[in-house]
$ cat start-v8.cif   # mmCIF, C-alpha atoms
data_model
#
loop_
_atom_site.label_atom_id
_atom_site.label_comp_id
_atom_site.auth_asym_id
_atom_site.auth_seq_id
_atom_site.Cartn_x
_atom_site.Cartn_y
_atom_site.Cartn_z
CA ASP W 9 0.00 0.00 0.00
CA GLN W 10 1.75 3.12 -1.24
CA GLN W 11 0.93 5.86 1.24
CA VAL W 12 2.81 8.64 -0.57
CA LYS W 13 2.27 8.84 -4.30
CA GLN W 14 4.06 10.87 -6.92
CA ASN W 15 2.12 9.98 -10.04
CA SER W 16 4.31 11.85 -12.51
CA PRO W 17 7.63 10.06 -13.04
CA SER W 18 8.98 13.02 -14.98
CA LEU W 19 8.34 16.68 -15.76
CA SER W 20 9.99 18.96 -18.30
CA VAL W 21 9.77 22.77 -18.17
CA GLN W 22 11.47 25.73 -19.78
CA GLU W 23 13.92 27.86 -17.86
CA GLY W 24 12.19 30.80 -16.23
CA ARG W 25 8.78 29.11 -16.12
CA ILE W 26 7.06 27.56 -13.12
CA SER W 27 7.64 23.92 -12.16
CA ILE W 28 4.84 22.23 -10.24
CA LEU W 29 5.53 18.86 -8.67
CA ASN W 30 2.61 17.00 -7.14
CA CYS W 31 2.24 14.50 -4.34
CA ASP W 32 -0.78 12.66 -2.95
CA TYR W 33 -1.04 10.77 0.29
CA THR W 34 -3.50 8.41 1.91
CA ASN W 35 -2.57 8.39 5.59
CA SER W 36 -4.44 11.10 7.49
CA MET W 37 -2.01 10.66 10.41
CA PHE W 38 0.86 12.29 8.55
CA ASP W 39 1.75 15.47 10.41
CA TYR W 40 4.69 16.82 8.41
CA PHE W 41 5.48 16.76 4.74
CA LEU W 42 8.90 17.25 3.21
CA TRP W 43 10.52 17.61 -0.17
CA TYR W 44 13.98 16.27 -0.91
CA LYS W 45 16.03 16.92 -4.01
CA LYS W 46 18.46 14.40 -5.44
CA TYR W 47 21.15 14.81 -8.07
CA PRO W 48 22.67 11.73 -9.77
CA ALA W 49 25.33 9.95 -7.72
CA GLU W 50 24.50 12.06 -4.67
CA GLY W 51 22.30 11.56 -1.64
CA PRO W 52 18.98 13.37 -1.25
CA THR W 53 19.14 16.83 0.28
CA PHE W 54 16.36 18.43 2.25
CA LEU W 55 14.58 21.22 0.40
CA ILE W 56 11.50 22.42 2.26
CA SER W 57 8.83 21.12 4.61
CA ILE W 58 5.35 21.99 5.82
CA SER W 59 3.39 21.16 8.93
CA SER W 60 -0.06 19.65 8.54
CA ILE W 61 -1.52 22.65 10.35
CA LYS W 62 -0.38 25.01 7.63
CA ASP W 63 -1.39 25.32 4.00
CA LYS W 64 1.65 27.10 2.60
CA ASN W 65 5.34 27.44 3.27
CA GLU W 66 7.70 29.53 1.18
CA ASP W 67 11.48 29.61 0.96
CA GLY W 68 12.91 31.73 -1.81
CA ARG W 69 11.95 30.24 -5.18
CA PHE W 70 10.35 27.22 -3.52
CA THR W 71 6.81 27.09 -2.16
CA VAL W 72 4.98 24.07 -0.85
CA PHE W 73 1.18 24.03 -0.74
CA LEU W 74 -0.86 21.59 1.32
CA ASN W 75 -4.51 20.73 0.74
CA LYS W 76 -5.47 18.46 3.63
CA SER W 77 -9.02 17.85 2.48
CA ALA W 78 -7.70 16.54 -0.84
CA LYS W 79 -4.67 14.86 0.79
CA HIS W 80 -2.52 16.61 -1.77
CA LEU W 81 0.60 18.73 -1.69
CA SER W 82 2.58 20.44 -4.38
CA LEU W 83 5.99 22.03 -4.75
CA HIS W 84 6.23 25.15 -6.87
CA ILE W 85 9.56 26.35 -8.19
CA VAL W 86 9.52 29.87 -9.64
CA PRO W 87 11.42 30.71 -11.73
CA SER W 88 12.83 27.34 -12.72
CA GLN W 89 16.55 27.14 -13.42
CA PRO W 90 18.61 24.47 -15.21
CA GLY W 91 20.32 23.70 -11.89
CA ASP W 92 16.95 22.61 -10.52
CA SER W 93 17.07 19.56 -12.78
CA ALA W 94 17.01 16.64 -10.36
CA VAL W 95 14.76 13.98 -8.86
CA TYR W 96 12.36 15.38 -6.28
CA PHE W 97 11.06 13.13 -3.54
CA CYS W 98 7.97 13.87 -1.53
CA ALA W 99 8.06 12.44 2.00
CA ALA W 100 5.66 12.37 4.92
CA SER W 101 6.20 11.89 8.62
CA ALA W 102 3.92 10.20 11.14
CA ARG W 103 4.21 8.65 14.57
CA SER W 104 4.98 4.94 14.46
CA GLY W 105 4.50 4.08 18.10
CA GLY W 106 5.51 5.93 21.24
CA SER W 107 7.72 8.87 20.45
CA ASN W 108 9.05 7.37 17.23
CA TYR W 109 8.35 8.85 13.82
CA LYS W 110 8.51 7.18 10.45
CA LEU W 111 9.36 8.96 7.21
CA THR W 112 7.64 7.56 4.11
CA PHE W 113 8.96 8.53 0.67
CA GLY W 114 7.26 8.72 -2.69
CA LYS W 115 8.88 7.26 -5.80
CA GLY W 116 10.19 10.60 -6.99
CA THR W 117 9.67 12.88 -10.00
CA LEU W 118 12.49 13.68 -12.40
CA LEU W 119 12.42 17.39 -13.20
CA THR W 120 14.25 18.60 -16.29
CA VAL W 121 14.59 22.33 -16.79
CA ASN W 122 15.54 23.16 -20.37
CA PRO W 123 17.64 26.28 -21.09
CA ASN A 8 32.48 19.62 6.66
CA ALA A 9 32.05 15.91 5.83
CA GLY A 10 28.47 15.35 7.06
CA VAL A 11 27.54 11.73 6.32
CA THR A 12 30.18 9.52 4.73
CA GLN A 13 29.47 6.09 3.29
CA THR A 14 32.08 3.44 2.56
CA PRO A 15 32.47 1.90 0.01
CA LYS A 16 30.88 3.80 -2.88
CA PHE A 17 30.65 0.75 -5.14
CA ARG A 18 30.86 -2.98 -4.59
CA VAL A 19 30.17 -6.12 -6.55
CA LEU A 20 29.47 -9.32 -4.63
CA LYS A 21 28.71 -12.88 -5.51
CA THR A 22 25.59 -14.55 -4.16
CA GLY A 23 26.23 -15.87 -0.67
CA GLN A 24 29.09 -13.52 0.16
CA SER A 25 28.92 -11.24 3.15
CA MET A 26 29.88 -7.64 3.55
CA THR A 27 29.48 -4.61 5.78
CA LEU A 28 28.59 -1.10 4.68
CA LEU A 29 29.93 1.64 6.89
CA CYS A 30 28.25 4.96 7.63
CA ALA A 31 29.94 7.71 9.62
CA GLN A 32 28.52 11.09 10.60
CA ASP A 33 30.31 14.00 12.22
CA MET A 34 27.26 16.07 13.25
CA ASN A 35 26.77 14.42 16.65
CA HIS A 36 23.32 13.22 15.54
CA GLU A 37 21.48 10.78 17.76
CA TYR A 38 19.47 9.13 15.01
CA MET A 39 20.79 7.18 12.06
CA TYR A 40 19.07 5.30 9.26
CA TRP A 41 19.75 2.89 6.42
CA TYR A 42 17.60 3.06 3.28
CA ARG A 43 17.64 1.27 -0.03
CA GLN A 44 16.56 2.77 -3.32
CA ASP A 45 15.52 0.60 -6.22
CA PRO A 46 14.56 1.70 -9.76
CA GLY A 47 11.06 3.21 -9.82
CA MET A 48 10.85 3.05 -6.04
CA GLY A 49 11.18 5.60 -3.31
CA LEU A 50 13.59 5.21 -0.45
CA ARG A 51 12.62 2.35 1.82
CA LEU A 52 13.81 2.19 5.40
CA ILE A 53 15.79 -0.95 6.29
CA HIS A 54 16.85 -0.31 9.89
CA TYR A 55 17.35 2.68 12.09
CA SER A 56 18.91 3.63 15.41
CA VAL A 57 17.77 6.12 18.01
CA GLY A 58 21.09 6.21 19.80
CA GLU A 59 24.34 4.42 20.54
CA GLY A 60 23.77 0.76 21.26
CA THR A 61 20.20 0.72 19.89
CA THR A 62 18.74 -0.55 16.63
CA ALA A 63 15.23 -1.05 15.28
CA LYS A 64 13.63 -2.59 12.22
CA GLY A 65 12.29 -0.49 9.41
CA GLU A 66 10.09 -1.35 6.47
CA VAL A 67 12.34 -3.92 4.75
CA PRO A 68 14.71 -5.41 7.37
CA ASP A 69 14.93 -9.03 6.19
CA GLY A 70 18.39 -10.16 5.13
CA TYR A 71 20.16 -7.27 6.87
CA ASN A 72 21.67 -6.67 10.27
CA VAL A 73 22.91 -3.44 11.80
CA SER A 74 25.04 -2.27 14.69
CA ARG A 75 25.56 1.08 16.38
CA LEU A 76 28.53 0.54 18.69
CA LYS A 77 29.60 4.18 18.47
CA LYS A 78 27.35 7.20 18.15
CA GLN A 79 28.99 8.37 14.96
CA ASN A 80 28.93 5.02 13.14
CA PHE A 81 26.10 2.85 11.84
CA LEU A 82 27.00 -0.42 10.13
CA LEU A 83 24.79 -2.36 7.73
CA GLY A 84 25.62 -6.02 7.24
CA LEU A 85 24.60 -8.53 4.64
CA GLU A 86 25.34 -12.01 5.96
CA SER A 87 24.54 -13.92 2.78
CA ALA A 88 24.02 -11.61 -0.17
CA ALA A 89 21.21 -12.31 -2.63
CA PRO A 90 20.58 -10.79 -6.09
CA SER A 91 17.42 -9.17 -4.68
CA GLN A 92 19.68 -7.03 -2.51
CA THR A 93 21.19 -5.34 -5.54
CA SER A 94 20.38 -1.71 -4.86
CA VAL A 95 21.70 1.71 -3.93
CA TYR A 96 22.00 2.03 -0.18
CA PHE A 97 21.74 5.38 1.56
CA CYS A 98 22.65 6.19 5.10
CA ALA A 99 21.15 9.21 6.84
CA SER A 100 21.32 10.87 10.22
CA SER A 101 19.23 13.42 12.03
CA TYR A 102 19.10 15.31 15.28
CA ASP A 103 15.69 13.92 16.09
CA LEU A 104 13.43 11.25 14.71
CA LYS A 105 11.00 13.59 12.99
CA GLY A 106 13.51 13.76 10.19
CA GLY A 107 12.85 17.25 9.02
CA ALA A 108 9.55 17.97 10.63
CA GLY A 109 9.19 21.71 10.70
CA GLY A 110 12.21 22.06 8.50
CA ASN A 111 14.52 22.52 11.41
CA GLN A 112 16.10 19.12 11.77
CA PRO A 113 16.17 17.35 8.42
CA GLN A 114 17.73 13.99 7.71
CA HIS A 115 21.18 14.38 6.17
CA PHE A 116 22.07 11.74 3.62
CA GLY A 117 25.32 10.24 2.44
CA ASP A 118 26.05 9.88 -1.27
CA GLY A 119 25.11 6.22 -1.36
CA THR A 120 26.70 2.82 -1.90
CA ARG A 121 25.92 1.09 -5.18
CA LEU A 122 25.85 -2.64 -4.50
CA SER A 123 25.54 -5.29 -7.21
CA ILE A 124 25.10 -8.94 -6.35
CA LEU A 125 25.70 -11.46 -9.10
#
$ encode --input "start-v8.cif" --output "C-alpha cells"
Amino acid sequence: DQQVKQNSPSLSVQEGRISILNCDYTNSMFDYFLWYKKYPAEGPTFLISISSIKDKNEDGRFTVFLNKSAKHLSLHIVPSQPGDSAVYFCAASARSGGSNYKLTFGKGTLLTVNP
Amino acid sequence: NAGVTQTPKFRVLKTGQSMTLLCAQDMNHEYMYWYRQDPGMGLRLIHYSVGEGTTAKGEVPDGYNVSRLKKQNFLLGLESAAPSQTSVYFCASSYDLKGGAGGNQPQHFGDGTRLSIL
C-alpha cells in the first residue's frame, strides 16, 4: 500500500517558467510533509517542509502548498533554473509508536529544466 | 564539513558472500538510518537507530543486520548476499526522529553505496 504517491515520473519545463511537482497521500495521520532533491550519484538533500496545520510554506523560489481535504501537496519552483534539474522526492512523517516517527517517501519525480 | 560519509561507494558481490557497509557522521546526531533505493521506487527504510547501542527494524529489514557501537557510526551487514539485494543504499542521520519535521532538523544523507550482487 503506497501511502505517498508521486504519479508523474517526470516533468519537463522551460527555464524561467514555473515547475509544479505533485504529491498525494493516503494516511491522514501524517503530520509533516517534506521535499527532498536528489542529483545523480549524490544523496537526497532536504529542500522544504510543511506542517499539517499550515497550507503554505515559502522559501525563496520554492513554495509548498498543502490541501489536507484533498490529501494533496505540491511544490512550486519559480522561476525554474537548469540547476533545478534533479529527482524530487515527496516524504511524509507520522508517529509509528511511542515517540518514534517514520518517514515515508514517494517514488520521486524527475524534473528537467531546459535552457 | 564531511556530514555523512558512506564506505564503500561501489561494490560487486557474488551470491552468498557477506559484507558490511559503513556509515559515519560528524554532526553528533542521535538518530541514524539505512535506506535502499531501487529503480522506480522511493527510499525504503531498512533499519534505524535512536542512539548508541540501539537498533530497530524499518520497512524492509529481512536479510540485513545493523550495529551502532559508536554514536557516529552505523553499520549495515549482509550475511549472505542475494541478487534481490542489488540496490543503492543510503545512510542518513538526524538530530531527532522527525527527520525534518518543521524544516529545522532534516535527515542528512550520504552519497550512497551502489551494490551489485551477481
$ interface_residues --input "start-v8.cif" --of "chain W" --to "chain A" --cutoff "10 Å" --atoms "all atoms listed in the file" --output "VMD selection string"
chain W and resid 10 12 to 14 17 39 to 44 46 to 60 97 to 103 107 to 117
$ write_last_selection --input "start-v8.cif" --atoms "C-alpha atoms" --output "PDB file, keeping the file's coordinate frame"
ATOM      1  CA  GLN W  10       1.750   3.120  -1.240  1.00  0.00           C
ATOM      2  CA  VAL W  12       2.810   8.640  -0.570  1.00  0.00           C
ATOM      3  CA  LYS W  13       2.270   8.840  -4.300  1.00  0.00           C
ATOM      4  CA  GLN W  14       4.060  10.870  -6.920  1.00  0.00           C
ATOM      5  CA  PRO W  17       7.630  10.060 -13.040  1.00  0.00           C
ATOM      6  CA  ASP W  39       1.750  15.470  10.410  1.00  0.00           C
ATOM      7  CA  TYR W  40       4.690  16.820   8.410  1.00  0.00           C
ATOM      8  CA  PHE W  41       5.480  16.760   4.740  1.00  0.00           C
ATOM      9  CA  LEU W  42       8.900  17.250   3.210  1.00  0.00           C
ATOM     10  CA  TRP W  43      10.520  17.610  -0.170  1.00  0.00           C
ATOM     11  CA  TYR W  44      13.980  16.270  -0.910  1.00  0.00           C
ATOM     12  CA  LYS W  46      18.460  14.400  -5.440  1.00  0.00           C
ATOM     13  CA  TYR W  47      21.150  14.810  -8.070  1.00  0.00           C
ATOM     14  CA  PRO W  48      22.670  11.730  -9.770  1.00  0.00           C
ATOM     15  CA  ALA W  49      25.330   9.950  -7.720  1.00  0.00           C
ATOM     16  CA  GLU W  50      24.500  12.060  -4.670  1.00  0.00           C
ATOM     17  CA  GLY W  51      22.300  11.560  -1.640  1.00  0.00           C
ATOM     18  CA  PRO W  52      18.980  13.370  -1.250  1.00  0.00           C
ATOM     19  CA  THR W  53      19.140  16.830   0.280  1.00  0.00           C
ATOM     20  CA  PHE W  54      16.360  18.430   2.250  1.00  0.00           C
ATOM     21  CA  LEU W  55      14.580  21.220   0.400  1.00  0.00           C
ATOM     22  CA  ILE W  56      11.500  22.420   2.260  1.00  0.00           C
ATOM     23  CA  SER W  57       8.830  21.120   4.610  1.00  0.00           C
ATOM     24  CA  ILE W  58       5.350  21.990   5.820  1.00  0.00           C
ATOM     25  CA  SER W  59       3.390  21.160   8.930  1.00  0.00           C
ATOM     26  CA  SER W  60      -0.060  19.650   8.540  1.00  0.00           C
ATOM     27  CA  PHE W  97      11.060  13.130  -3.540  1.00  0.00           C
ATOM     28  CA  CYS W  98       7.970  13.870  -1.530  1.00  0.00           C
ATOM     29  CA  ALA W  99       8.060  12.440   2.000  1.00  0.00           C
ATOM     30  CA  ALA W 100       5.660  12.370   4.920  1.00  0.00           C
ATOM     31  CA  SER W 101       6.200  11.890   8.620  1.00  0.00           C
ATOM     32  CA  ALA W 102       3.920  10.200  11.140  1.00  0.00           C
ATOM     33  CA  ARG W 103       4.210   8.650  14.570  1.00  0.00           C
ATOM     34  CA  SER W 107       7.720   8.870  20.450  1.00  0.00           C
ATOM     35  CA  ASN W 108       9.050   7.370  17.230  1.00  0.00           C
ATOM     36  CA  TYR W 109       8.350   8.850  13.820  1.00  0.00           C
ATOM     37  CA  LYS W 110       8.510   7.180  10.450  1.00  0.00           C
ATOM     38  CA  LEU W 111       9.360   8.960   7.210  1.00  0.00           C
ATOM     39  CA  THR W 112       7.640   7.560   4.110  1.00  0.00           C
ATOM     40  CA  PHE W 113       8.960   8.530   0.670  1.00  0.00           C
ATOM     41  CA  GLY W 114       7.260   8.720  -2.690  1.00  0.00           C
ATOM     42  CA  LYS W 115       8.880   7.260  -5.800  1.00  0.00           C
ATOM     43  CA  GLY W 116      10.190  10.600  -6.990  1.00  0.00           C
ATOM     44  CA  THR W 117       9.670  12.880 -10.000  1.00  0.00           C
TER      45      THR W 117
END
$ residues_around --input "start-v8.cif" --residues "W:Tyr33" --least-positions-apart "2" --cutoff "8 Å" --atoms "all atoms listed in the file" --output "ChimeraX atom specification"
/W:11-13,31,35-36,79-80
$ write_last_selection --input "start-v8.cif" --atoms "C-alpha atoms" --output "PDB file, keeping the file's coordinate frame"
ATOM      1  CA  GLN W  11       0.930   5.860   1.240  1.00  0.00           C
ATOM      2  CA  VAL W  12       2.810   8.640  -0.570  1.00  0.00           C
ATOM      3  CA  LYS W  13       2.270   8.840  -4.300  1.00  0.00           C
ATOM      4  CA  CYS W  31       2.240  14.500  -4.340  1.00  0.00           C
ATOM      5  CA  ASN W  35      -2.570   8.390   5.590  1.00  0.00           C
ATOM      6  CA  SER W  36      -4.440  11.100   7.490  1.00  0.00           C
ATOM      7  CA  LYS W  79      -4.670  14.860   0.790  1.00  0.00           C
ATOM      8  CA  HIS W  80      -2.520  16.610  -1.770  1.00  0.00           C
TER       9      HIS W  80
END
$ residues_around --input "start-v8.cif" --residues "A:Val73" --least-positions-apart "6" --cutoff "10 Å" --atoms "all atoms listed in the file" --output "PyMOL selection string"
chain A and resi 27-29+40-41+53-56+61-64+81-85
$ residues_around --input "start-v8.cif" --residues "W:Phe70" --least-positions-apart "3" --cutoff "10 Å" --atoms "all atoms listed in the file" --output "VMD selection string"
chain W and resid 27 55 to 56 65 to 67 83 to 88
$ atom_distance --input "start-v8.cif" --atom1 "atom CA of W:Asp92" --atom2 "atom CA of W:Ser16"
16.7 Å
$ atom_distance --input "start-v8.cif" --atom1 "atom CA of A:Thr14" --atom2 "atom CA of A:Arg75"
15.5 Å
$ atom_distance --input "start-v8.cif" --atom1 "atom CA of W:Tyr96" --atom2 "atom CA of A:Ser101"
19.7 Å
$ residues_near_point --input "start-v8.cif" --point "(24.1, -6.0, -7.4)" --cutoff "7 Å" --atoms "only C-alpha atoms" --output "VMD selection string"
chain A and resid 19 to 20 90 92 to 94 122 to 125
$ resolve_selection --input "start-v8.cif" --expression "the PyMOL selection byres ((chain W and resi 20) around 6)" --output "ChimeraX atom specification"
/W:19,21,119-121
$ closest_residue --input "start-v8.cif" --among "W:Asn75, W:Pro123, W:Leu118, W:Asn15" --to "W:Ile61" --atoms "only C-alpha atoms"
W:Asn75
$ closest_residue --input "start-v8.cif" --among "A:Gly70, A:Pro15, A:Gly10, A:Gly23" --to "A:Ser87" --atoms "all atoms listed in the file"
A:Gly23
$ closest_residue --input "start-v8.cif" --among "A:Tyr71, A:Ser100, A:Met39, A:Ser91" --to "A:Met26" --atoms "only C-alpha atoms"
A:Tyr71
$ decode --input "start-v8.cif" --residues "stretch 8-122 of chain A" --atoms "C-alpha atoms" --output "PDB file, in the first residue's frame"
ATOM      1  CA  ASN A   8      32.478  19.620   6.662  1.00  0.00           C
ATOM      2  CA  ALA A   9      32.051  15.911   5.830  1.00  0.00           C
ATOM      3  CA  GLY A  10      28.473  15.351   7.061  1.00  0.00           C
ATOM      4  CA  VAL A  11      27.541  11.733   6.325  1.00  0.00           C
ATOM      5  CA  THR A  12      30.185   9.517   4.733  1.00  0.00           C
ATOM      6  CA  GLN A  13      29.469   6.089   3.288  1.00  0.00           C
ATOM      7  CA  THR A  14      32.083   3.444   2.561  1.00  0.00           C
ATOM      8  CA  PRO A  15      32.475   1.897   0.007  1.00  0.00           C
ATOM      9  CA  LYS A  16      30.880   3.799  -2.881  1.00  0.00           C
ATOM     10  CA  PHE A  17      30.649   0.755  -5.139  1.00  0.00           C
ATOM     11  CA  ARG A  18      30.859  -2.982  -4.594  1.00  0.00           C
ATOM     12  CA  VAL A  19      30.170  -6.125  -6.552  1.00  0.00           C
ATOM     13  CA  LEU A  20      29.475  -9.324  -4.632  1.00  0.00           C
ATOM     14  CA  LYS A  21      28.709 -12.884  -5.512  1.00  0.00           C
ATOM     15  CA  THR A  22      25.589 -14.553  -4.159  1.00  0.00           C
ATOM     16  CA  GLY A  23      26.229 -15.874  -0.670  1.00  0.00           C
ATOM     17  CA  GLN A  24      29.088 -13.522   0.158  1.00  0.00           C
ATOM     18  CA  SER A  25      28.917 -11.242   3.153  1.00  0.00           C
ATOM     19  CA  MET A  26      29.883  -7.639   3.548  1.00  0.00           C
ATOM     20  CA  THR A  27      29.476  -4.606   5.776  1.00  0.00           C
ATOM     21  CA  LEU A  28      28.595  -1.101   4.684  1.00  0.00           C
ATOM     22  CA  LEU A  29      29.932   1.644   6.892  1.00  0.00           C
ATOM     23  CA  CYS A  30      28.247   4.956   7.630  1.00  0.00           C
ATOM     24  CA  ALA A  31      29.936   7.713   9.618  1.00  0.00           C
ATOM     25  CA  GLN A  32      28.520  11.093  10.599  1.00  0.00           C
ATOM     26  CA  ASP A  33      30.305  14.003  12.223  1.00  0.00           C
ATOM     27  CA  MET A  34      27.263  16.072  13.246  1.00  0.00           C
ATOM     28  CA  ASN A  35      26.766  14.424  16.646  1.00  0.00           C
ATOM     29  CA  HIS A  36      23.320  13.223  15.541  1.00  0.00           C
ATOM     30  CA  GLU A  37      21.479  10.783  17.758  1.00  0.00           C
ATOM     31  CA  TYR A  38      19.467   9.131  15.006  1.00  0.00           C
ATOM     32  CA  MET A  39      20.787   7.177  12.057  1.00  0.00           C
ATOM     33  CA  TYR A  40      19.075   5.296   9.257  1.00  0.00           C
ATOM     34  CA  TRP A  41      19.746   2.886   6.424  1.00  0.00           C
ATOM     35  CA  TYR A  42      17.600   3.064   3.276  1.00  0.00           C
ATOM     36  CA  ARG A  43      17.637   1.274  -0.034  1.00  0.00           C
ATOM     37  CA  GLN A  44      16.556   2.772  -3.321  1.00  0.00           C
ATOM     38  CA  ASP A  45      15.518   0.604  -6.222  1.00  0.00           C
ATOM     39  CA  PRO A  46      14.559   1.704  -9.762  1.00  0.00           C
ATOM     40  CA  GLY A  47      11.062   3.211  -9.818  1.00  0.00           C
ATOM     41  CA  MET A  48      10.848   3.053  -6.038  1.00  0.00           C
ATOM     42  CA  GLY A  49      11.182   5.603  -3.314  1.00  0.00           C
ATOM     43  CA  LEU A  50      13.592   5.213  -0.452  1.00  0.00           C
ATOM     44  CA  ARG A  51      12.621   2.349   1.816  1.00  0.00           C
ATOM     45  CA  LEU A  52      13.811   2.188   5.403  1.00  0.00           C
ATOM     46  CA  ILE A  53      15.794  -0.946   6.288  1.00  0.00           C
ATOM     47  CA  HIS A  54      16.847  -0.308   9.894  1.00  0.00           C
ATOM     48  CA  TYR A  55      17.351   2.682  12.093  1.00  0.00           C
ATOM     49  CA  SER A  56      18.914   3.634  15.405  1.00  0.00           C
ATOM     50  CA  VAL A  57      17.769   6.116  18.014  1.00  0.00           C
ATOM     51  CA  GLY A  58      21.095   6.208  19.796  1.00  0.00           C
ATOM     52  CA  GLU A  59      24.344   4.421  20.538  1.00  0.00           C
ATOM     53  CA  GLY A  60      23.772   0.759  21.258  1.00  0.00           C
ATOM     54  CA  THR A  61      20.201   0.723  19.893  1.00  0.00           C
ATOM     55  CA  THR A  62      18.739  -0.545  16.632  1.00  0.00           C
ATOM     56  CA  ALA A  63      15.234  -1.054  15.283  1.00  0.00           C
ATOM     57  CA  LYS A  64      13.629  -2.595  12.218  1.00  0.00           C
ATOM     58  CA  GLY A  65      12.289  -0.491   9.414  1.00  0.00           C
ATOM     59  CA  GLU A  66      10.094  -1.345   6.469  1.00  0.00           C
ATOM     60  CA  VAL A  67      12.340  -3.923   4.749  1.00  0.00           C
ATOM     61  CA  PRO A  68      14.710  -5.414   7.372  1.00  0.00           C
ATOM     62  CA  ASP A  69      14.929  -9.028   6.186  1.00  0.00           C
ATOM     63  CA  GLY A  70      18.393 -10.158   5.126  1.00  0.00           C
ATOM     64  CA  TYR A  71      20.156  -7.268   6.872  1.00  0.00           C
ATOM     65  CA  ASN A  72      21.671  -6.669  10.273  1.00  0.00           C
ATOM     66  CA  VAL A  73      22.906  -3.442  11.804  1.00  0.00           C
ATOM     67  CA  SER A  74      25.038  -2.268  14.687  1.00  0.00           C
ATOM     68  CA  ARG A  75      25.565   1.084  16.376  1.00  0.00           C
ATOM     69  CA  LEU A  76      28.528   0.542  18.695  1.00  0.00           C
ATOM     70  CA  LYS A  77      29.603   4.176  18.467  1.00  0.00           C
ATOM     71  CA  LYS A  78      27.348   7.203  18.149  1.00  0.00           C
ATOM     72  CA  GLN A  79      28.988   8.369  14.956  1.00  0.00           C
ATOM     73  CA  ASN A  80      28.930   5.016  13.137  1.00  0.00           C
ATOM     74  CA  PHE A  81      26.101   2.853  11.843  1.00  0.00           C
ATOM     75  CA  LEU A  82      27.000  -0.416  10.126  1.00  0.00           C
ATOM     76  CA  LEU A  83      24.790  -2.359   7.726  1.00  0.00           C
ATOM     77  CA  GLY A  84      25.617  -6.018   7.239  1.00  0.00           C
ATOM     78  CA  LEU A  85      24.597  -8.532   4.640  1.00  0.00           C
ATOM     79  CA  GLU A  86      25.342 -12.009   5.959  1.00  0.00           C
ATOM     80  CA  SER A  87      24.537 -13.925   2.777  1.00  0.00           C
ATOM     81  CA  ALA A  88      24.021 -11.605  -0.167  1.00  0.00           C
ATOM     82  CA  ALA A  89      21.213 -12.310  -2.632  1.00  0.00           C
ATOM     83  CA  PRO A  90      20.582 -10.787  -6.086  1.00  0.00           C
ATOM     84  CA  SER A  91      17.416  -9.166  -4.681  1.00  0.00           C
ATOM     85  CA  GLN A  92      19.682  -7.031  -2.509  1.00  0.00           C
ATOM     86  CA  THR A  93      21.194  -5.341  -5.544  1.00  0.00           C
ATOM     87  CA  SER A  94      20.383  -1.705  -4.862  1.00  0.00           C
ATOM     88  CA  VAL A  95      21.698   1.706  -3.930  1.00  0.00           C
ATOM     89  CA  TYR A  96      21.996   2.034  -0.178  1.00  0.00           C
ATOM     90  CA  PHE A  97      21.742   5.384   1.560  1.00  0.00           C
ATOM     91  CA  CYS A  98      22.649   6.188   5.103  1.00  0.00           C
ATOM     92  CA  ALA A  99      21.149   9.211   6.838  1.00  0.00           C
ATOM     93  CA  SER A 100      21.316  10.873  10.218  1.00  0.00           C
ATOM     94  CA  SER A 101      19.228  13.417  12.034  1.00  0.00           C
ATOM     95  CA  TYR A 102      19.105  15.310  15.284  1.00  0.00           C
ATOM     96  CA  ASP A 103      15.687  13.915  16.085  1.00  0.00           C
ATOM     97  CA  LEU A 104      13.433  11.254  14.706  1.00  0.00           C
ATOM     98  CA  LYS A 105      11.005  13.592  12.990  1.00  0.00           C
ATOM     99  CA  GLY A 106      13.513  13.759  10.191  1.00  0.00           C
ATOM    100  CA  GLY A 107      12.853  17.255   9.016  1.00  0.00           C
ATOM    101  CA  ALA A 108       9.554  17.967  10.635  1.00  0.00           C
ATOM    102  CA  GLY A 109       9.187  21.711  10.705  1.00  0.00           C
ATOM    103  CA  GLY A 110      12.212  22.058   8.496  1.00  0.00           C
ATOM    104  CA  ASN A 111      14.523  22.515  11.411  1.00  0.00           C
ATOM    105  CA  GLN A 112      16.103  19.119  11.775  1.00  0.00           C
ATOM    106  CA  PRO A 113      16.167  17.346   8.423  1.00  0.00           C
ATOM    107  CA  GLN A 114      17.731  13.993   7.715  1.00  0.00           C
ATOM    108  CA  HIS A 115      21.179  14.376   6.172  1.00  0.00           C
ATOM    109  CA  PHE A 116      22.069  11.736   3.623  1.00  0.00           C
ATOM    110  CA  GLY A 117      25.318  10.240   2.438  1.00  0.00           C
ATOM    111  CA  ASP A 118      26.047   9.876  -1.272  1.00  0.00           C
ATOM    112  CA  GLY A 119      25.115   6.219  -1.360  1.00  0.00           C
ATOM    113  CA  THR A 120      26.704   2.819  -1.905  1.00  0.00           C
ATOM    114  CA  ARG A 121      25.915   1.093  -5.180  1.00  0.00           C
ATOM    115  CA  LEU A 122      25.853  -2.641  -4.502  1.00  0.00           C
TER     116      LEU A 122
END
